[in-house]
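Reading through the structure tokens given below for one structure.
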Amino acid sequence: MQALKADNSGFVIGPDGLQRLLEVLAGEGYRVVGPALRDDAIVYDDIDGVASLPVGWTDRQEPGRYALERREDNACFGYAVGLHSWKKFLFPPAETLWTAQRGSDGAIAVSTPERAPDKFAFIGVRSCEIHAMAVQGRVFEEGPYTDTAYAARRAGAFIVAVNCAEAGGTCFCVSMETGPRAEQGFDLALTELADGAEHWFLVEVGSEAGRAVLEQVPHVPATAEQAEAARAVSERTASGMGRGLDTQGIKDLLQDNPEHSRWDDVAERCLSCANCTMVCPTCFCSTVEEHSDLTGENAQRVRKWDSCFTMDYSYIHGGSVRSSARSRYRQWMTHKLANWIDQFGTSGCVGCGRCITWCPVGIDLTEEVAAIRAAPEEGRSR
Amino acid sequence: MQAAALKDPFVPDICRVASARRELADAVTLELEPLSGARPDFRPGQFNMLYAFGVGEVAISMSVSAHENRGFVHTVRNAGAVSGALAALEPGATLGVRGPFGTGWPVAEAEGRDVLIVAGGLGLAPLRPAIQEVLARRERYGRVTILAGCRSPHDILYQRDLERWRQRLDVTVEVTVDHAGTGWHGDVGFVTGLIPRSPFDPDKAVAMVCGPEVMMRFAAGALLKAGMPAADIYLSMERNMKCAIGLCGHCQFGPAFVCKDGPVLPYDRIAGLLAVQEI
Ligand code: SF4
Ligand code: SF4
Ligand code: FES
């Protein structure tokens, strides 16, 4: 995807235009993935036109709580963020890295699956999620080694962003400077206006590929009022966000407080279930499993998502380095919010709120940071 | 994007076991030659990921300098399923190798200075290539001291090398065991206890330390006490490693990825982390 400055006021399409957009992308060979209702949640999955979208539904997200509700309107994108992020497409939960065969002479040979990378079109990507892709991109692509399969999938993806029209109950993108308005990293960006009888989308173009696709969709230039109305949507969303994370000096705050009593406190609540790491759009940890067939002549290396909350994760020489829940939660949060800055020059958190919503006991990292900030000297170790 | 044209760093090269030699009751040294005919090049302190067919991969450091032209030489201790399968390989068998990975010992940086090698148990394996390269250009260094500690006289790794080095008049070699038993007339006690009486000038020395984490912590403490600056003390860290290329997250030690920022790290960078339990 090539970066291109968005046109000043953009274009307008209607719900039919959205349908057409999805058809054009499918026609161009993209695997079109977007929000869909599954098992009482909005998830990202293969979609087949506007009819697959969660039209008229919204999500209520609170610490440890998630529920779907009907909306008064027919908005297609009237929810905050889906359960899993787009991570599951670019960085699959399980992926065969290579296979090995033992020949008749006993020698082993390795082959990589000839994989034409999936060409995804992601529909409804939130600004925080675009930032999350960029964060993972730094991990997987900016070396010294590159995950070549990931890089190929990401480079081939077509991104249709949607600017959030409402802040979710656990969102804090404003304080992370990752939203709610998508500024870059998309091919097309939509702002949905679904008030009363009117239902239209303002479209901004972010790349040449985006422009080429939009050309195949009936559209009109936006009027100044329409552009203004769309901008107001993002402003309203930003000002309605109830949660925030104070990132001032956060790297030193966490790195200097590994013995803070708050880690004991959170360890009493945390179940080490790893939900937070599974739903987080930037968590990138993986393990590798060896699968062999019954003949014992064929083996497969399969990479799978892993989590720093498991005991196995840090296992070495007959034990785990991090055997207590306290040390594992500390690792997760310190990595995400502090060490990540040393490692990749960016925070590992984009403020999407998923780890708060999907934590079964409602642990909220913004509160944990605030508690440490309130008494930073406590238990200071260095 | 040209990303697709890059080599996939997860895919191993295939090597053949040229020789397998029992080193200790539970350790074997394998000499590996790449089937491709390539001549391995790497720095002392670096490691490879060795893949045992059908079992898995494990990180093992190089134990002979690339200058000796013996391919990849690895001393493998049978400590689990993968290392057990590797230790059981016989000459002619094939295995997968990815590498070399990681940072090396500061062999070039130590020129003109005293060199202090402190090894605990199998920690001598990753240090041997550094010793070989220092001794190959002995005239470039000040005093050279090798301190090796083992559990018992049966656990002395590379005994023939130690004996050969000890015969030289320009190297100090001290070996100590935790538990002596009968027939041992050398030092008894932890290797860190040898540091205070070793001949080195703390202001112009480089220390390379490898062994169990507690041992390295104590060794670093003793070296500091002897007057060495933390920045001149190098440790080789060990963590769980799955990928060795900075992508899986497993080897994190505070902000450092042991696989790509280490394994060899200067003590001034990690002293604070080493002081925290379960980091
Ligand atoms: S840490 Fe939580 S809020 Fe931050 S990006 Fe991950 S899931 Fe979202
Ligand atoms: S913080 Fe919550 S979601 Fe994460 S491991 Fe602990 S209990 Fe599970
Ligand atoms: S071993 Fe995978 S990141 Fe270091």
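Labels used: A, B, ... for chains in the order of the structure tokens, numbers from 1 for residues in each chain, and numbers from 1 for ligands as shown.
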
Please check the contacts: residues of chain B at most 8 Å away from chain A, using only C-alpha atoms, listed as an mmCIF file with N, CA and C atoms, in the first residue's frame.
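Now in part-v4.cif:
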data_model
loop_
_atom_site.group_PDB
_atom_site.id
_atom_site.type_symbol
_atom_site.label_atom_id
_atom_site.label_comp_id
_atom_site.auth_asym_id
_atom_site.auth_seq_id
_atom_site.Cartn_x
_atom_site.Cartn_y
_atom_site.Cartn_z
ATOM 1 N N MET B 1 6.533 -4.881 -2.705
ATOM 2 C CA MET B 1 7.498 -5.170 -1.633
ATOM 3 C C MET B 1 8.419 -6.324 -2.036
ATOM 4 N N ALA B 3 9.750 -8.173 0.223
ATOM 5 C CA ALA B 3 9.794 -9.041 1.399
ATOM 6 C C ALA B 3 9.738 -10.516 1.013
ATOM 7 N N ALA B 4 8.908 -10.844 0.027
ATOM 8 C CA ALA B 4 8.720 -12.248 -0.326
ATOM 9 C C ALA B 4 10.022 -12.877 -0.826
ATOM 10 N N LEU B 6 12.982 -12.360 0.427
ATOM 11 C CA LEU B 6 13.933 -12.582 1.511
ATOM 12 C C LEU B 6 13.937 -14.048 1.918
ATOM 13 N N LYS B 7 15.072 -14.481 2.470
ATOM 14 C CA LYS B 7 15.139 -15.847 2.967
ATOM 15 C C LYS B 7 14.263 -15.974 4.206
ATOM 16 N N ASP B 8 13.545 -17.081 4.288
ATOM 17 C CA ASP B 8 12.686 -17.338 5.436
ATOM 18 C C ASP B 8 13.568 -17.745 6.616
ATOM 19 N N PRO B 9 13.644 -16.905 7.655
ATOM 20 C CA PRO B 9 14.596 -17.181 8.736
ATOM 21 C C PRO B 9 14.186 -18.337 9.642
ATOM 22 N N PHE B 10 12.989 -18.897 9.414
ATOM 23 C CA PHE B 10 12.566 -20.040 10.231
ATOM 24 C C PHE B 10 13.085 -21.368 9.670
ATOM 25 N N VAL B 11 13.566 -21.346 8.428
ATOM 26 C CA VAL B 11 13.917 -22.603 7.758
ATOM 27 C C VAL B 11 15.380 -22.968 8.011
ATOM 28 N N PRO B 12 15.645 -24.154 8.531
ATOM 29 C CA PRO B 12 17.019 -24.546 8.844
ATOM 30 C C PRO B 12 17.774 -25.052 7.622
ATOM 31 N N ILE B 14 20.557 -28.006 6.440
ATOM 32 C CA ILE B 14 20.800 -29.369 6.915
ATOM 33 C C ILE B 14 22.307 -29.595 7.055
ATOM 34 N N PHE B 53 15.175 -34.109 14.207
ATOM 35 C CA PHE B 53 14.020 -34.491 13.411
ATOM 36 C C PHE B 53 12.916 -35.108 14.278
ATOM 37 N N GLY B 54 11.725 -34.548 14.119
ATOM 38 C CA GLY B 54 10.568 -35.093 14.818
ATOM 39 C C GLY B 54 10.489 -34.726 16.284
ATOM 40 N N VAL B 55 11.466 -34.004 16.797
ATOM 41 C CA VAL B 55 11.457 -33.680 18.233
ATOM 42 C C VAL B 55 11.379 -32.168 18.455
ATOM 43 N N GLY B 56 12.298 -31.418 17.857
ATOM 44 C CA GLY B 56 12.219 -29.973 18.024
ATOM 45 C C GLY B 56 13.582 -29.311 17.951
ATOM 46 N N ALA B 79 19.518 -32.792 28.471
ATOM 47 C CA ALA B 79 18.754 -32.190 29.562
ATOM 48 C C ALA B 79 17.274 -32.149 29.247
ATOM 49 N N ALA B 93 24.547 -38.955 10.784
ATOM 50 C CA ALA B 93 23.156 -38.518 10.938
ATOM 51 C C ALA B 93 23.018 -37.062 10.491
ATOM 52 N N THR B 94 21.797 -36.677 10.109
ATOM 53 C CA THR B 94 21.570 -35.296 9.697
ATOM 54 C C THR B 94 20.683 -34.587 10.715
ATOM 55 N N LEU B 95 20.826 -33.291 10.757
ATOM 56 C CA LEU B 95 20.004 -32.467 11.640
ATOM 57 C C LEU B 95 19.872 -31.083 11.007
ATOM 58 N N ARG B 239 17.956 -17.844 28.285
ATOM 59 C CA ARG B 239 16.509 -17.798 28.461
ATOM 60 C C ARG B 239 15.881 -18.797 27.506
ATOM 61 N N ASN B 240 14.609 -19.098 27.726
ATOM 62 C CA ASN B 240 13.869 -19.958 26.807
ATOM 63 C C ASN B 240 13.889 -19.301 25.429
ATOM 64 N N LYS B 242 12.603 -19.799 21.368
ATOM 65 C CA LYS B 242 11.848 -20.568 20.376
ATOM 66 C C LYS B 242 12.267 -20.204 18.962
ATOM 67 N N ILE B 245 15.296 -15.246 16.595
ATOM 68 C CA ILE B 245 15.388 -14.142 15.635
ATOM 69 C C ILE B 245 14.532 -12.951 16.058
ATOM 70 N N GLY B 246 14.220 -12.863 17.330
ATOM 71 C CA GLY B 246 13.522 -11.674 17.823
ATOM 72 C C GLY B 246 12.038 -11.635 17.516
ATOM 73 N N LEU B 247 11.441 -12.763 17.142
ATOM 74 C CA LEU B 247 10.039 -12.732 16.734
ATOM 75 C C LEU B 247 9.081 -13.428 17.698
ATOM 76 N N CYS B 248 9.578 -14.291 18.578
ATOM 77 C CA CYS B 248 8.639 -15.100 19.380
ATOM 78 C C CYS B 248 8.426 -14.553 20.780
ATOM 79 N N GLY B 249 9.295 -13.668 21.245
ATOM 80 C CA GLY B 249 9.108 -13.042 22.551
ATOM 81 C C GLY B 249 9.660 -13.801 23.742
ATOM 82 N N HIS B 250 9.915 -15.090 23.581
ATOM 83 C CA HIS B 250 10.210 -15.934 24.744
ATOM 84 C C HIS B 250 11.450 -15.540 25.541
ATOM 85 N N CYS B 251 12.474 -15.025 24.864
ATOM 86 C CA CYS B 251 13.768 -14.854 25.519
ATOM 87 C C CYS B 251 13.902 -13.506 26.216
ATOM 88 N N GLY B 254 13.870 -8.258 30.666
ATOM 89 C CA GLY B 254 13.631 -6.822 30.663
ATOM 90 C C GLY B 254 13.497 -6.366 29.226
ATOM 91 N N PRO B 255 14.085 -5.228 28.881
ATOM 92 C CA PRO B 255 13.970 -4.738 27.503
ATOM 93 C C PRO B 255 14.808 -5.535 26.503
ATOM 94 N N ALA B 256 15.697 -6.393 26.964
ATOM 95 C CA ALA B 256 16.590 -7.103 26.040
ATOM 96 C C ALA B 256 15.952 -8.388 25.531
ATOM 97 N N GLY B 272 20.788 -4.223 36.988
ATOM 98 C CA GLY B 272 19.515 -3.927 37.656
ATOM 99 C C GLY B 272 18.523 -5.064 37.483
ATOM 100 N N VAL B 276 16.553 -8.425 40.215
ATOM 101 C CA VAL B 276 15.112 -8.618 40.441
ATOM 102 C C VAL B 276 14.770 -10.089 40.241
ATOM 103 N N GLU B 278 12.621 -13.251 39.197
ATOM 104 C CA GLU B 278 11.584 -13.626 38.233
ATOM 105 C C GLU B 278 11.332 -12.581 37.151
ATOM 106 N N ILE B 279 12.372 -11.869 36.748
ATOM 107 C CA ILE B 279 12.124 -10.824 35.749
ATOM 108 C C ILE B 279 12.002 -11.454 34.364
#

Considering only C-alpha atoms, return as a compact mmCIF listing (two decimals) with C-alpha atoms, in the first residue's frame whatever protein or nucleic-acid residues lie within 8 Å of Tyr66 in chain A, sequence-local ones (same chain, fewer than 4 positions apart) excluded.
# COMPACT_ATOMS: atom_id res chain seq x y z
CA ALA A 41 -20.36 -11.07 19.61
CA ASP A 59 -21.66 -3.51 21.53
CA ARG A 60 -21.57 -2.51 25.19
CA GLN A 61 -18.09 -3.03 26.56
CA GLU A 62 -17.11 -2.61 30.21
CA THR A 357 -13.33 -6.05 28.24
CA TRP A 358 -12.28 -9.68 27.90

Worksheet entry | Shell around Gln46 in chain B at 6 Å using only C-alpha atoms, local window under 4 positions removed, as a list in words |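 Returned residues: Ser61, Phe101, Gly102, Thr103 and Gly104 of chain B.
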
Could you write out the selected residues, including N, CA, C and O atoms, as an mmCIF file, in the first residue's frame?
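The result, stored in again_8.cif:
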data_model
loop_
_atom_site.group_PDB
_atom_site.id
_atom_site.type_symbol
_atom_site.label_atom_id
_atom_site.label_comp_id
_atom_site.auth_asym_id
_atom_site.auth_seq_id
_atom_site.Cartn_x
_atom_site.Cartn_y
_atom_site.Cartn_z
ATOM 1 N N SER B 61 25.271 -23.118 22.003
ATOM 2 C CA SER B 61 26.337 -22.221 21.561
ATOM 3 C C SER B 61 27.429 -22.987 20.829
ATOM 4 O O SER B 61 27.574 -24.200 20.973
ATOM 5 N N PHE B 101 23.505 -17.005 15.517
ATOM 6 C CA PHE B 101 22.687 -15.939 16.079
ATOM 7 C C PHE B 101 23.389 -15.277 17.260
ATOM 8 O O PHE B 101 24.196 -15.902 17.949
ATOM 9 N N GLY B 102 23.002 -14.034 17.503
ATOM 10 C CA GLY B 102 23.360 -13.370 18.751
ATOM 11 C C GLY B 102 24.697 -12.648 18.735
ATOM 12 O O GLY B 102 25.431 -12.651 17.748
ATOM 13 N N THR B 103 24.957 -12.020 19.864
ATOM 14 C CA THR B 103 26.188 -11.245 20.034
ATOM 15 C C THR B 103 27.313 -12.171 20.483
ATOM 16 O O THR B 103 27.070 -13.250 21.005
ATOM 17 N N GLY B 104 28.544 -11.726 20.280
ATOM 18 C CA GLY B 104 29.695 -12.540 20.659
ATOM 19 C C GLY B 104 30.467 -11.934 21.823
ATOM 20 O O GLY B 104 30.177 -10.827 22.287
#

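Straight-line separation from CA of Met228 in chain B to CA of Ala119 in chain B: 17.5 Å.
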
Practice prompt. Using only C-alpha atoms and all ligand atoms, find each protein or nucleic acid residue lying at most 6 Å from ligand 1; present the set as an MDAnalysis selection string.
Written response: chainID A and resid 279:282 349:355

Please, could you write that set of residues out with N, CA and C atoms as a CSV table (one decimal), in the first residue's frame?
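Wrote out10.csv, looks like this:
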chain,number,residue,atom,x,y,z
A,279,VAL,N,-6.5,-11.5,22.9
A,279,VAL,CA,-7.3,-10.5,22.2
A,279,VAL,C,-6.5,-9.2,21.8
A,280,CYS,N,-5.4,-9.1,22.4
A,280,CYS,CA,-4.6,-7.8,22.1
A,280,CYS,C,-4.1,-7.8,20.7
A,281,PRO,N,-4.3,-6.7,20.0
A,281,PRO,CA,-3.9,-6.7,18.6
A,281,PRO,C,-2.4,-6.6,18.4
A,282,THR,N,-1.6,-6.3,19.4
A,282,THR,CA,-0.2,-6.2,19.2
A,282,THR,C,0.6,-7.3,19.8
A,349,CYS,N,0.9,-0.7,23.3
A,349,CYS,CA,-0.6,-0.5,23.5
A,349,CYS,C,-1.1,0.6,22.6
A,350,VAL,N,-2.3,0.3,22.0
A,350,VAL,CA,-2.9,1.3,21.1
A,350,VAL,C,-4.2,1.7,21.7
A,351,GLY,N,-4.6,1.2,23.0
A,351,GLY,CA,-5.8,1.7,23.6
A,351,GLY,C,-7.1,1.2,23.1
A,352,CYS,N,-7.1,0.0,22.6
A,352,CYS,CA,-8.3,-0.6,22.0
A,352,CYS,C,-9.3,-1.1,23.1
A,353,GLY,N,-8.8,-1.3,24.3
A,353,GLY,CA,-9.6,-1.7,25.4
A,353,GLY,C,-10.0,-3.2,25.4
A,354,ARG,N,-9.5,-4.0,24.5
A,354,ARG,CA,-10.0,-5.4,24.5
A,354,ARG,C,-9.5,-6.2,25.7
A,355,CYS,N,-8.3,-5.9,26.2
A,355,CYS,CA,-7.8,-6.7,27.4
A,355,CYS,C,-8.6,-6.4,28.6

Worksheet item: What separation in Å, quoted to one decimal, exists between CA of Val173 in chain B and CA of Asn69 in chain B?
Response: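 Atom-to-atom, CA of Val173 in chain B and CA of Asn69 in chain B are spaced 25.1 Å apart.
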
Ligand 2: which residues are within 10 Å, counting only C-alpha atoms and all ligand atoms, as a JSON list (two decimals) with N, CA and C atoms, in the first residue's frame?
[["chain", "number", "residue", "atom", "x", "y", "z"],
["A", 63, "PRO", "N", -15.32, -3.24, 31.78],
["A", 63, "PRO", "CA", -14.34, -4.20, 32.30],
["A", 63, "PRO", "C", -15.01, -5.54, 32.60],
["A", 64, "GLY", "N", -14.55, -6.59, 31.95],
["A", 64, "GLY", "CA", -15.08, -7.92, 32.19],
["A", 64, "GLY", "C", -16.47, -8.17, 31.62],
["A", 266, "VAL", "N", -2.47, -7.01, 42.05],
["A", 266, "VAL", "CA", -3.08, -7.47, 40.81],
["A", 266, "VAL", "C", -2.93, -8.99, 40.68],
["A", 267, "ALA", "N", -1.85, -9.54, 41.25],
["A", 267, "ALA", "CA", -1.65, -10.99, 41.17],
["A", 267, "ALA", "C", -2.75, -11.74, 41.90],
["A", 268, "GLU", "N", -3.33, -11.09, 42.92],
["A", 268, "GLU", "CA", -4.42, -11.75, 43.65],
["A", 268, "GLU", "C", -5.67, -11.85, 42.81],
["A", 269, "ARG", "N", -5.81, -10.94, 41.84],
["A", 269, "ARG", "CA", -7.00, -10.94, 40.99],
["A", 269, "ARG", "C", -6.78, -11.72, 39.69],
["A", 270, "CYS", "N", -5.59, -11.60, 39.12],
["A", 270, "CYS", "CA", -5.34, -12.20, 37.80],
["A", 270, "CYS", "C", -5.39, -13.72, 37.86],
["A", 271, "LEU", "N", -6.09, -14.31, 36.89],
["A", 271, "LEU", "CA", -6.24, -15.77, 36.83],
["A", 271, "LEU", "C", -5.19, -16.41, 35.92],
["A", 272, "SER", "N", -4.31, -15.61, 35.33],
["A", 272, "SER", "CA", -3.34, -16.12, 34.35],
["A", 272, "SER", "C", -4.03, -16.88, 33.21],
["A", 273, "CYS", "N", -5.20, -16.38, 32.82],
["A", 273, "CYS", "CA", -5.96, -17.08, 31.78],
["A", 273, "CYS", "C", -5.45, -16.77, 30.38],
["A", 274, "ALA", "N", -4.69, -15.69, 30.25],
["A", 274, "ALA", "CA", -4.08, -15.29, 28.97],
["A", 274, "ALA", "C", -5.07, -14.66, 27.98],
["A", 275, "ASN", "N", -6.32, -14.46, 28.39],
["A", 275, "ASN", "CA", -7.29, -13.80, 27.49],
["A", 275, "ASN", "C", -6.74, -12.48, 26.95],
["A", 276, "CYS", "N", -6.15, -11.69, 27.85],
["A", 276, "CYS", "CA", -5.70, -10.36, 27.46],
["A", 276, "CYS", "C", -4.70, -10.42, 26.32],
["A", 277, "THR", "N", -3.82, -11.43, 26.35],
["A", 277, "THR", "CA", -2.81, -11.51, 25.31],
["A", 277, "THR", "C", -3.39, -12.05, 24.00],
["A", 278, "MET", "N", -4.43, -12.89, 24.11],
["A", 278, "MET", "CA", -5.03, -13.43, 22.90],
["A", 278, "MET", "C", -5.81, -12.34, 22.14],
["A", 279, "VAL", "N", -6.52, -11.49, 22.87],
["A", 279, "VAL", "CA", -7.34, -10.47, 22.19],
["A", 279, "VAL", "C", -6.53, -9.23, 21.82],
["A", 280, "CYS", "N", -5.36, -9.06, 22.40],
["A", 280, "CYS", "CA", -4.59, -7.85, 22.12],
["A", 280, "CYS", "C", -4.09, -7.84, 20.68],
["A", 307, "SER", "N", 1.52, -17.13, 25.08],
["A", 307, "SER", "CA", 1.24, -16.04, 26.00],
["A", 307, "SER", "C", 2.23, -16.04, 27.14],
["A", 308, "CYS", "N", 2.66, -14.85, 27.53],
["A", 308, "CYS", "CA", 3.58, -14.72, 28.66],
["A", 308, "CYS", "C", 2.91, -15.08, 29.98],
["A", 309, "PHE", "N", 1.60, -15.38, 29.94],
["A", 309, "PHE", "CA", 0.91, -15.80, 31.16],
["A", 309, "PHE", "C", 1.02, -17.30, 31.42],
["A", 310, "THR", "N", 1.55, -18.07, 30.46],
["A", 310, "THR", "CA", 1.67, -19.50, 30.72],
["A", 310, "THR", "C", 2.98, -19.79, 31.46],
["A", 325, "ALA", "N", 2.22, -15.56, 39.48],
["A", 325, "ALA", "CA", 1.30, -14.74, 38.68],
["A", 325, "ALA", "C", 1.76, -13.28, 38.72],
["A", 326, "ARG", "N", 2.31, -12.87, 39.83],
["A", 326, "ARG", "CA", 2.80, -11.50, 39.99],
["A", 326, "ARG", "C", 3.85, -11.19, 38.93],
["A", 328, "ARG", "N", 4.34, -12.70, 36.15],
["A", 328, "ARG", "CA", 3.83, -12.80, 34.78],
["A", 328, "ARG", "C", 3.01, -11.57, 34.41],
["A", 329, "TYR", "N", 2.17, -11.10, 35.33],
["A", 329, "TYR", "CA", 1.42, -9.88, 35.02],
["A", 329, "TYR", "C", 2.39, -8.71, 34.86],
["A", 332, "TRP", "N", 3.92, -8.86, 31.48],
["A", 332, "TRP", "CA", 3.00, -8.45, 30.41],
["A", 332, "TRP", "C", 2.88, -6.93, 30.35],
["A", 333, "MET", "N", 2.56, -6.34, 31.47],
["A", 333, "MET", "CA", 2.28, -4.90, 31.44],
["A", 333, "MET", "C", 3.54, -4.08, 31.26],
["A", 354, "ARG", "N", -9.54, -4.01, 24.49],
["A", 354, "ARG", "CA", -9.95, -5.43, 24.49],
["A", 354, "ARG", "C", -9.52, -6.17, 25.74],
["A", 355, "CYS", "N", -8.27, -5.90, 26.20],
["A", 355, "CYS", "CA", -7.80, -6.67, 27.35],
["A", 355, "CYS", "C", -8.63, -6.36, 28.59],
["A", 356, "ILE", "N", -9.25, -5.18, 28.61],
["A", 356, "ILE", "CA", -10.07, -4.80, 29.75],
["A", 356, "ILE", "C", -11.42, -5.51, 29.65],
["A", 357, "THR", "N", -12.01, -5.44, 28.46],
["A", 357, "THR", "CA", -13.33, -6.05, 28.24],
["A", 357, "THR", "C", -13.30, -7.56, 28.46],
["A", 358, "TRP", "N", -12.27, -8.22, 27.93],
["A", 358, "TRP", "CA", -12.28, -9.68, 27.90],
["A", 358, "TRP", "C", -11.56, -10.30, 29.07],
["A", 359, "CYS", "N", -11.08, -9.48, 30.00],
["A", 359, "CYS", "CA", -10.53, -10.03, 31.24],
["A", 359, "CYS", "C", -11.70, -10.53, 32.09],
["A", 360, "PRO", "N", -11.73, -11.81, 32.44],
["A", 360, "PRO", "CA", -12.89, -12.33, 33.17],
["A", 360, "PRO", "C", -13.09, -11.65, 34.52],
["A", 361, "VAL", "N", -12.04, -11.09, 35.07],
["A", 361, "VAL", "CA", -12.19, -10.42, 36.36],
["A", 361, "VAL", "C", -12.08, -8.90, 36.21],
["A", 362, "GLY", "N", -12.08, -8.43, 34.97],
["A", 362, "GLY", "CA", -12.16, -6.99, 34.73],
["A", 362, "GLY", "C", -10.94, -6.18, 35.14],
["A", 363, "ILE", "N", -9.76, -6.78, 35.07],
["A", 363, "ILE", "CA", -8.56, -6.00, 35.36],
["A", 363, "ILE", "C", -8.36, -4.97, 34.25],
["A", 364, "ASP", "N", -8.10, -3.74, 34.67],
["A", 364, "ASP", "CA", -8.01, -2.61, 33.74],
["A", 364, "ASP", "C", -6.59, -2.05, 33.83],
["A", 365, "LEU", "N", -5.81, -2.21, 32.78],
["A", 365, "LEU", "CA", -4.40, -1.78, 32.88],
["A", 365, "LEU", "C", -4.28, -0.29, 33.13]]
